[in-house]
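Trainee: For reference, the file upload-v1.pdb (PDB, C-alpha atoms and all ligand atoms) is included below:
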ATOM      1  CA  MET A   1       3.837 -79.817  87.982
ATOM      2  CA  PRO A   2       3.714 -83.055  90.019
ATOM      3  CA  SER A   3       1.705 -85.785  88.356
ATOM      4  CA  LEU A   4      -1.864 -86.194  89.439
ATOM      5  CA  SER A   5      -2.292 -88.581  92.378
ATOM      6  CA  SER A   6      -4.750 -91.391  91.800
ATOM      7  CA  GLU A   7      -6.867 -90.046  94.691
ATOM      8  CA  MET A   8      -7.074 -86.604  93.095
ATOM      9  CA  ARG A   9      -7.767 -88.139  89.704
ATOM     10  CA  ASN A  10     -10.654 -90.145  91.177
ATOM     11  CA  GLU A  11     -11.951 -87.083  93.019
ATOM     12  CA  LEU A  12     -11.944 -85.122  89.773
ATOM     13  CA  ILE A  13     -13.796 -87.868  87.925
ATOM     14  CA  GLU A  14     -16.358 -88.103  90.737
ATOM     15  CA  ALA A  15     -16.875 -84.338  90.643
ATOM     16  CA  ALA A  16     -17.499 -84.411  86.884
ATOM     17  CA  LEU A  17     -19.861 -87.392  87.210
ATOM     18  CA  GLY A  18     -21.740 -85.723  90.058
ATOM     19  CA  VAL A  19     -22.221 -82.317  88.484
ATOM     20  CA  ARG A  20     -23.453 -83.794  85.202
ATOM     21  CA  ARG A  21     -26.958 -84.078  86.684
ATOM     22  CA  TRP A  22     -27.201 -80.275  86.464
ATOM     23  CA  ALA A  23     -26.556 -80.121  82.749
ATOM     24  CA  TYR A  24     -29.276 -78.178  80.968
ATOM     25  CA  ALA A  25     -29.532 -79.975  77.643
ATOM     26  CA  PRO A  26     -33.221 -80.290  76.740
ATOM     27  CA  TYR A  27     -32.479 -80.073  73.000
ATOM     28  CA  SER A  28     -29.548 -82.407  72.458
ATOM     29  CA  LYS A  29     -30.143 -84.557  75.578
ATOM     30  CA  TYR A  30     -26.357 -84.899  75.607
ATOM     31  CA  LEU A  31     -25.426 -84.232  79.220
ATOM     32  CA  VAL A  32     -21.852 -83.204  79.968
ATOM     33  CA  GLY A  33     -20.115 -82.621  83.292
ATOM     34  CA  ALA A  34     -16.610 -81.223  83.665
ATOM     35  CA  ALA A  35     -14.326 -80.793  86.660
ATOM     36  CA  LEU A  36     -11.226 -78.639  86.441
ATOM     37  CA  LEU A  37      -8.468 -78.952  89.041
ATOM     38  CA  THR A  38      -6.442 -75.811  89.670
ATOM     39  CA  SER A  39      -2.809 -75.768  90.742
ATOM     40  CA  SER A  40      -4.030 -74.351  94.056
ATOM     41  CA  GLY A  41      -5.964 -77.597  94.612
ATOM     42  CA  ARG A  42      -9.479 -76.325  94.077
ATOM     43  CA  VAL A  43     -11.971 -77.965  91.760
ATOM     44  CA  TYR A  44     -14.278 -75.909  89.540
ATOM     45  CA  ASP A  45     -17.079 -77.823  87.890
ATOM     46  CA  GLY A  46     -19.269 -77.041  84.925
ATOM     47  CA  VAL A  47     -22.119 -78.395  82.824
ATOM     48  CA  ASN A  48     -23.363 -77.663  79.354
ATOM     49  CA  ILE A  49     -26.122 -75.074  79.268
ATOM     50  CA  GLU A  50     -28.240 -75.017  76.133
ATOM     51  CA  ASN A  51     -30.569 -72.319  74.891
ATOM     52  CA  ALA A  52     -33.646 -72.227  72.687
ATOM     53  CA  ALA A  53     -31.527 -69.926  70.524
ATOM     54  CA  PHE A  54     -29.205 -72.860  69.825
ATOM     55  CA  PRO A  55     -25.894 -71.093  69.115
ATOM     56  CA  LEU A  56     -25.907 -69.572  72.591
ATOM     57  CA  THR A  57     -25.253 -72.982  74.120
ATOM     58  CA  ILE A  58     -22.090 -73.235  76.175
ATOM     59  CA  CYS A  59     -20.158 -76.423  76.857
ATOM     60  CA  ALA A  60     -19.367 -77.836  80.278
ATOM     61  CA  GLU A  61     -15.613 -77.357  79.857
ATOM     62  CA  ARG A  62     -15.888 -73.646  79.155
ATOM     63  CA  VAL A  63     -18.248 -73.122  82.082
ATOM     64  CA  ALA A  64     -15.649 -74.753  84.365
ATOM     65  CA  VAL A  65     -12.802 -72.641  82.954
ATOM     66  CA  PHE A  66     -14.783 -69.406  83.163
ATOM     67  CA  LYS A  67     -15.854 -70.122  86.733
ATOM     68  CA  ALA A  68     -12.232 -70.724  87.710
ATOM     69  CA  VAL A  69     -10.832 -67.677  85.922
ATOM     70  CA  SER A  70     -13.520 -65.429  87.343
ATOM     71  CA  GLN A  71     -12.409 -66.528  90.803
ATOM     72  CA  GLY A  72      -8.814 -65.520  90.063
ATOM     73  CA  GLU A  73      -7.516 -68.970  89.062
ATOM     74  CA  ARG A  74      -5.405 -69.278  85.907
ATOM     75  CA  GLN A  75      -3.206 -72.281  86.557
ATOM     76  CA  PHE A  76      -4.740 -75.635  85.935
ATOM     77  CA  ALA A  77      -3.595 -79.162  86.671
ATOM     78  CA  ALA A  78      -6.161 -81.422  84.958
ATOM     79  CA  ILE A  79      -9.709 -81.594  83.651
ATOM     80  CA  ALA A  80     -12.119 -84.527  83.691
ATOM     81  CA  VAL A  81     -15.047 -84.533  81.271
ATOM     82  CA  VAL A  82     -17.977 -86.930  81.517
ATOM     83  CA  SER A  83     -20.395 -87.554  78.674
ATOM     84  CA  ASP A  84     -22.442 -90.533  77.456
ATOM     85  CA  MET A  85     -19.610 -92.205  75.574
ATOM     86  CA  GLY A  86     -16.646 -90.200  76.861
ATOM     87  CA  GLY A  87     -16.396 -87.919  73.831
ATOM     88  CA  ALA A  88     -13.606 -85.390  73.362
ATOM     89  CA  PRO A  89     -14.035 -81.613  73.893
ATOM     90  CA  CYS A  90     -15.188 -79.497  70.964
ATOM     91  CA  GLY A  91     -12.821 -77.169  69.108
ATOM     92  CA  SER A  92     -13.961 -74.060  70.963
ATOM     93  CA  CYS A  93     -13.283 -75.668  74.333
ATOM     94  CA  ARG A  94      -9.870 -76.897  73.159
ATOM     95  CA  GLN A  95      -8.993 -73.326  72.218
ATOM     96  CA  VAL A  96     -10.195 -71.885  75.536
ATOM     97  CA  LEU A  97      -8.322 -74.541  77.530
ATOM     98  CA  SER A  98      -5.215 -73.944  75.415
ATOM     99  CA  GLU A  99      -5.186 -70.251  76.336
ATOM    100  CA  PHE A 100      -4.394 -71.120  79.940
ATOM    101  CA  ALA A 101      -2.966 -74.631  79.883
ATOM    102  CA  PRO A 102      -1.721 -76.146  76.622
ATOM    103  CA  GLN A 103      -0.204 -79.097  78.474
ATOM    104  CA  LEU A 104      -3.307 -79.768  80.545
ATOM    105  CA  PRO A 105      -4.118 -83.462  81.056
ATOM    106  CA  VAL A 106      -7.635 -84.241  79.810
ATOM    107  CA  ILE A 107      -9.407 -87.268  81.280
ATOM    108  CA  LEU A 108     -12.375 -88.419  79.218
ATOM    109  CA  VAL A 109     -14.961 -90.497  81.020
ATOM    110  CA  ASP A 110     -18.190 -92.204  79.973
ATOM    111  CA  ARG A 111     -21.482 -92.056  81.870
ATOM    112  CA  GLU A 112     -20.565 -95.213  83.815
ATOM    113  CA  GLY A 113     -17.418 -93.564  85.113
ATOM    114  CA  ARG A 114     -15.062 -95.506  82.850
ATOM    115  CA  VAL A 115     -12.047 -93.588  81.544
ATOM    116  CA  THR A 116     -12.218 -93.808  77.749
ATOM    117  CA  ARG A 117      -9.086 -91.791  77.000
ATOM    118  CA  GLU A 118      -6.400 -89.727  78.684
ATOM    119  CA  THR A 119      -4.816 -87.058  76.569
ATOM    120  CA  THR A 120      -3.668 -83.440  76.727
ATOM    121  CA  VAL A 121      -4.961 -80.185  75.303
ATOM    122  CA  SER A 122      -1.935 -79.842  73.001
ATOM    123  CA  GLU A 123      -2.522 -83.327  71.660
ATOM    124  CA  LEU A 124      -6.150 -82.419  70.949
ATOM    125  CA  LEU A 125      -5.220 -79.019  69.500
ATOM    126  CA  PRO A 126      -1.723 -79.088  68.006
ATOM    127  CA  GLU A 127      -0.164 -75.836  66.789
ATOM    128  CA  ALA A 128      -2.798 -73.799  68.611
ATOM    129  CA  PHE A 129      -3.118 -70.083  68.146
ATOM    130  CA  GLY A 130      -2.249 -68.535  71.478
ATOM    131  CA  PRO A 131      -1.008 -65.539  73.451
ATOM    132  CA  LYS A 132       2.460 -65.899  71.900
ATOM    133  CA  ASP A 133       1.063 -65.145  68.455
ATOM    134  CA  LEU A 134      -0.168 -61.760  69.602
ATOM    135  CA  LEU A 135       3.007 -60.939  71.547
ATOM    136  CA  GLU A 136       5.219 -61.676  68.571
ATOM    137  CA  ARG A 137       3.682 -58.907  66.476
ATOM    138  CA  GLU A 138       5.782 -55.837  65.748
TER     139      GLU A 138
HETATM  140  N1  LIG B 201     -20.892 -80.287  74.683
HETATM  141  C1  LIG B 201     -20.172 -80.095  75.825
HETATM  142  O1  LIG B 201     -20.668 -79.561  76.815
HETATM  143  N2  LIG B 201     -18.881 -80.496  75.836
HETATM  144  C2  LIG B 201     -18.291 -81.205  74.847
HETATM  145  O2  LIG B 201     -17.152 -81.612  75.022
HETATM  146  C3  LIG B 201     -19.012 -81.472  73.602
HETATM  147  C4  LIG B 201     -20.342 -80.833  73.467
HETATM  148  C5  LIG B 201     -22.313 -79.956  74.705
HETATM  149  C6  LIG B 201     -22.775 -78.830  73.843
HETATM  150  C7  LIG B 201     -24.231 -79.219  73.619
HETATM  151  O3  LIG B 201     -25.010 -78.781  74.720
HETATM  152  C8  LIG B 201     -24.222 -80.723  73.621
HETATM  153  O4  LIG B 201     -23.027 -81.097  74.275
HETATM  154  C9  LIG B 201     -24.283 -81.362  72.251
HETATM  155  O5  LIG B 201     -23.354 -80.810  71.393
END
Would you mind giving the structure from this file in structure tokens?
Ligand code: THU
Mentor:
Amino acid sequence: MPSLSSEMRNELIEAALGVRRWAYAPYSKYLVGAALLTSSGRVYDGVNIENAAFPLTICAERVAVFKAVSQGERQFAAIAVVSDMGGAPCGSCRQVLSEFAPQLPVILVDREGRVTRETTVSELLPEAFGPKDLLERE
């Protein structure tokens, strides 16, 4: 996988910043936007969508992954996530990202567009449970 060009990186950050306005977060007021770049060069965005039945809330990262996968995309190159302070993805999102792309670069960005941290899914979720664990059964 060639490393992400700075143009593509900026485009991804802009996409995550732009989509964040559509976050539906009336309960937490914590708006999140995500933009996932596929190996085919497309960008799938996502926002968090809360629900009055709180546990039904879904995070921005998982919306982006599910949109991509449901369009036939399974190979990912990077994800940018924008939140107030540039917080890291939750455990559920780490697991879902790990299913498809353990080495995925994760670019964390605050609401002003400043990159707070660049990491990878495997760094955020070491020793993840994954497809290999099921395949290795008898
Ligand atoms: N949330 C995300 O969308 N992504 C994250 O990385 C962390 C948390 C959402 C879920 C919920 O709507 C709100 O942020 C507060 O937890």
Trainee: Applied to the shown file, which residues does the PyMOL selection byres (((chain A and resi 82) around 8) and not hetatm) return, written as a PyMOL selection string?
Mentor: chain A and resi 13+16-17+20+32-34+80-81+83-84+86-87+108-111+113
Trainee: Could you write out the selected residues, including C-alpha atoms, as a PDB file, in the coordinates of the input?
Mentor:
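Result went into result00.pdb, see below:
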ATOM      1  CA  ILE A  13     -13.796 -87.868  87.925  1.00  0.00           C
ATOM      2  CA  ALA A  16     -17.499 -84.411  86.884  1.00  0.00           C
ATOM      3  CA  LEU A  17     -19.861 -87.392  87.210  1.00  0.00           C
ATOM      4  CA  ARG A  20     -23.453 -83.794  85.202  1.00  0.00           C
ATOM      5  CA  VAL A  32     -21.852 -83.204  79.968  1.00  0.00           C
ATOM      6  CA  GLY A  33     -20.115 -82.621  83.292  1.00  0.00           C
ATOM      7  CA  ALA A  34     -16.610 -81.223  83.665  1.00  0.00           C
ATOM      8  CA  ALA A  80     -12.119 -84.527  83.691  1.00  0.00           C
ATOM      9  CA  VAL A  81     -15.047 -84.533  81.271  1.00  0.00           C
ATOM     10  CA  SER A  83     -20.395 -87.554  78.674  1.00  0.00           C
ATOM     11  CA  ASP A  84     -22.442 -90.533  77.456  1.00  0.00           C
ATOM     12  CA  GLY A  86     -16.646 -90.200  76.861  1.00  0.00           C
ATOM     13  CA  GLY A  87     -16.396 -87.919  73.831  1.00  0.00           C
ATOM     14  CA  LEU A 108     -12.375 -88.419  79.218  1.00  0.00           C
ATOM     15  CA  VAL A 109     -14.961 -90.497  81.020  1.00  0.00           C
ATOM     16  CA  ASP A 110     -18.190 -92.204  79.973  1.00  0.00           C
ATOM     17  CA  ARG A 111     -21.482 -92.056  81.870  1.00  0.00           C
ATOM     18  CA  GLY A 113     -17.418 -93.564  85.113  1.00  0.00           C
TER      19      GLY A 113
END
Trainee: Which residues form the shell of 8 Å around ligand LIG 201 (chain B) when you count all atoms listed in the file, given as a ChimeraX atom specification?
Mentor: /A:24-25,27-33,47-50,57-62,81,83,87-90,93
Trainee: Please enumerate the residues selected by the PyMOL selection byres (((chain A and resi 39) around 7) and not hetatm) when evaluated against the supplied file, formatted as a list in words.
Mentor: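 Evaluating the PyMOL selection byres (((chain A and resi 39) around 7) and not hetatm) on these coordinates yields Leu37, Thr38, Ser40, Gly41, Gln75, Phe76 and Ala77 of chain A.
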Trainee: Edge lengths and centre in Å to one decimal, as JSON, of the axis-aligned box that encloses all listed atoms of range 40-50 of chain A with 6 Å added on every side?
Mentor:
{"center_x": -16.1, "center_y": -76.4, "center_z": 85.4, "size_x": 36.2, "size_y": 16.0, "size_z": 30.5}
Trainee: Near range 127-135 of chain A, counting all atoms listed in the file, which residues have an atom at most 8 Å away, once you skip same-chain residues fewer than 4 positions from it, shown as a PDB file with C-alpha atoms, in the coordinates of the input?
Mentor:
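Written output follows (around.pdb):
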ATOM      1  CA  GLN A  95      -8.993 -73.326  72.218  1.00  0.00           C
ATOM      2  CA  SER A  98      -5.215 -73.944  75.415  1.00  0.00           C
ATOM      3  CA  GLU A  99      -5.186 -70.251  76.336  1.00  0.00           C
ATOM      4  CA  SER A 122      -1.935 -79.842  73.001  1.00  0.00           C
TER       5      SER A 122
END
Trainee: List, as an mmCIF file with C-alpha atoms, in the coordinates of the input, every residue that the PyMOL selection byres (((chain A and resi 118) around 9) and not hetatm) selects in the file provided.
Mentor:
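File written: out-v8.cif
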data_model
loop_
_atom_site.group_PDB
_atom_site.id
_atom_site.type_symbol
_atom_site.label_atom_id
_atom_site.label_comp_id
_atom_site.auth_asym_id
_atom_site.auth_seq_id
_atom_site.Cartn_x
_atom_site.Cartn_y
_atom_site.Cartn_z
ATOM 1 C CA PRO A 105 -4.118 -83.462 81.056
ATOM 2 C CA VAL A 106 -7.635 -84.241 79.810
ATOM 3 C CA ILE A 107 -9.407 -87.268 81.280
ATOM 4 C CA LEU A 108 -12.375 -88.419 79.218
ATOM 5 C CA VAL A 109 -14.961 -90.497 81.020
ATOM 6 C CA VAL A 115 -12.047 -93.588 81.544
ATOM 7 C CA THR A 116 -12.218 -93.808 77.749
ATOM 8 C CA ARG A 117 -9.086 -91.791 77.000
ATOM 9 C CA THR A 119 -4.816 -87.058 76.569
ATOM 10 C CA THR A 120 -3.668 -83.440 76.727
#
Trainee: Excluding Arg74 in chain A and residues on its chain fewer than 2 positions from it, collect all residues at most 9 Å away from it, counting only C-alpha atoms, and give them as JSON, numbers by chain.
Mentor: {"A": [38, 39, 65, 68, 69, 71, 72, 76, 100, 101]}
Trainee: For a quick check of understanding, using all atoms listed in the file, which of A:Pro102, A:Gly91, A:Gly46, A:Pro126 has the smallest distance to Phe66 in chain A?
Mentor: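 The closest residue to Phe66 in chain A is A:Gly46.
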Trainee: Between CA of Asn51 in chain A and CA of Pro26 in chain A, what is the distance in Å, rounded to a tenth?
Mentor: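 About the pair CA of Asn51 in chain A and CA of Pro26 in chain A: they are 8.6 Å apart.
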Trainee: Complete range 55-74 of chain A at the level of N, CA, C and O atoms, written as an mmCIF file, keeping the file's coordinate frame.
Mentor:
data_model
loop_
_atom_site.group_PDB
_atom_site.id
_atom_site.type_symbol
_atom_site.label_atom_id
_atom_site.label_comp_id
_atom_site.auth_asym_id
_atom_site.auth_seq_id
_atom_site.Cartn_x
_atom_site.Cartn_y
_atom_site.Cartn_z
ATOM 1 N N PRO A 55 -27.332 -71.411 69.087
ATOM 2 C CA PRO A 55 -25.894 -71.093 69.115
ATOM 3 C C PRO A 55 -25.407 -70.517 70.446
ATOM 4 O O PRO A 55 -24.206 -70.416 70.661
ATOM 5 N N LEU A 56 -26.321 -70.146 71.299
ATOM 6 C CA LEU A 56 -25.907 -69.572 72.591
ATOM 7 C C LEU A 56 -25.489 -70.635 73.597
ATOM 8 O O LEU A 56 -24.992 -70.317 74.682
ATOM 9 N N THR A 57 -25.671 -71.874 73.248
ATOM 10 C CA THR A 57 -25.253 -72.982 74.120
ATOM 11 C C THR A 57 -23.783 -72.858 74.505
ATOM 12 O O THR A 57 -22.946 -72.474 73.685
ATOM 13 N N ILE A 58 -23.500 -73.203 75.756
ATOM 14 C CA ILE A 58 -22.090 -73.235 76.175
ATOM 15 C C ILE A 58 -21.773 -74.622 76.730
ATOM 16 O O ILE A 58 -22.609 -75.247 77.393
ATOM 17 N N CYS A 59 -20.582 -75.084 76.442
ATOM 18 C CA CYS A 59 -20.158 -76.423 76.857
ATOM 19 C C CYS A 59 -19.720 -76.441 78.320
ATOM 20 O O CYS A 59 -19.303 -75.419 78.889
ATOM 21 N N ALA A 60 -19.748 -77.624 78.876
ATOM 22 C CA ALA A 60 -19.367 -77.836 80.278
ATOM 23 C C ALA A 60 -17.930 -77.388 80.561
ATOM 24 O O ALA A 60 -17.644 -76.777 81.601
ATOM 25 N N GLU A 61 -17.032 -77.677 79.636
ATOM 26 C CA GLU A 61 -15.613 -77.357 79.857
ATOM 27 C C GLU A 61 -15.409 -75.852 79.983
ATOM 28 O O GLU A 61 -14.655 -75.376 80.830
ATOM 29 N N ARG A 62 -16.070 -75.105 79.101
ATOM 30 C CA ARG A 62 -15.888 -73.646 79.155
ATOM 31 C C ARG A 62 -16.529 -73.051 80.403
ATOM 32 O O ARG A 62 -16.007 -72.105 80.978
ATOM 33 N N VAL A 63 -17.657 -73.609 80.831
ATOM 34 C CA VAL A 63 -18.248 -73.122 82.082
ATOM 35 C C VAL A 63 -17.249 -73.314 83.231
ATOM 36 O O VAL A 63 -17.021 -72.410 84.039
ATOM 37 N N ALA A 64 -16.622 -74.483 83.284
ATOM 38 C CA ALA A 64 -15.649 -74.753 84.365
ATOM 39 C C ALA A 64 -14.475 -73.779 84.293
ATOM 40 O O ALA A 64 -14.060 -73.207 85.311
ATOM 41 N N VAL A 65 -13.944 -73.565 83.096
ATOM 42 C CA VAL A 65 -12.802 -72.641 82.954
ATOM 43 C C VAL A 65 -13.212 -71.230 83.356
ATOM 44 O O VAL A 65 -12.500 -70.539 84.100
ATOM 45 N N PHE A 66 -14.371 -70.788 82.897
ATOM 46 C CA PHE A 66 -14.783 -69.406 83.163
ATOM 47 C C PHE A 66 -15.092 -69.204 84.655
ATOM 48 O O PHE A 66 -14.808 -68.144 85.217
ATOM 49 N N LYS A 67 -15.642 -70.228 85.285
ATOM 50 C CA LYS A 67 -15.854 -70.122 86.733
ATOM 51 C C LYS A 67 -14.520 -69.971 87.450
ATOM 52 O O LYS A 67 -14.368 -69.145 88.352
ATOM 53 N N ALA A 68 -13.550 -70.767 87.046
ATOM 54 C CA ALA A 68 -12.232 -70.724 87.710
ATOM 55 C C ALA A 68 -11.565 -69.369 87.483
ATOM 56 O O ALA A 68 -11.091 -68.723 88.434
ATOM 57 N N VAL A 69 -11.537 -68.924 86.242
ATOM 58 C CA VAL A 69 -10.832 -67.677 85.922
ATOM 59 C C VAL A 69 -11.506 -66.496 86.612
ATOM 60 O O VAL A 69 -10.834 -65.581 87.107
ATOM 61 N N SER A 70 -12.814 -66.552 86.707
ATOM 62 C CA SER A 70 -13.520 -65.429 87.343
ATOM 63 C C SER A 70 -13.381 -65.444 88.861
ATOM 64 O O SER A 70 -13.805 -64.508 89.540
ATOM 65 N N GLN A 71 -12.760 -66.499 89.382
ATOM 66 C CA GLN A 71 -12.409 -66.528 90.803
ATOM 67 C C GLN A 71 -10.906 -66.275 91.001
ATOM 68 O O GLN A 71 -10.366 -66.507 92.078
ATOM 69 N N GLY A 72 -10.232 -65.865 89.934
ATOM 70 C CA GLY A 72 -8.814 -65.520 90.063
ATOM 71 C C GLY A 72 -7.860 -66.659 89.788
ATOM 72 O O GLY A 72 -6.649 -66.535 89.997
ATOM 73 N N GLU A 73 -8.371 -67.798 89.309
ATOM 74 C CA GLU A 73 -7.516 -68.970 89.062
ATOM 75 C C GLU A 73 -7.145 -69.030 87.581
ATOM 76 O O GLU A 73 -8.028 -68.973 86.721
ATOM 77 N N ARG A 74 -5.852 -69.184 87.310
ATOM 78 C CA ARG A 74 -5.405 -69.278 85.907
ATOM 79 C C ARG A 74 -4.453 -70.429 85.670
ATOM 80 O O ARG A 74 -3.968 -70.590 84.545
#
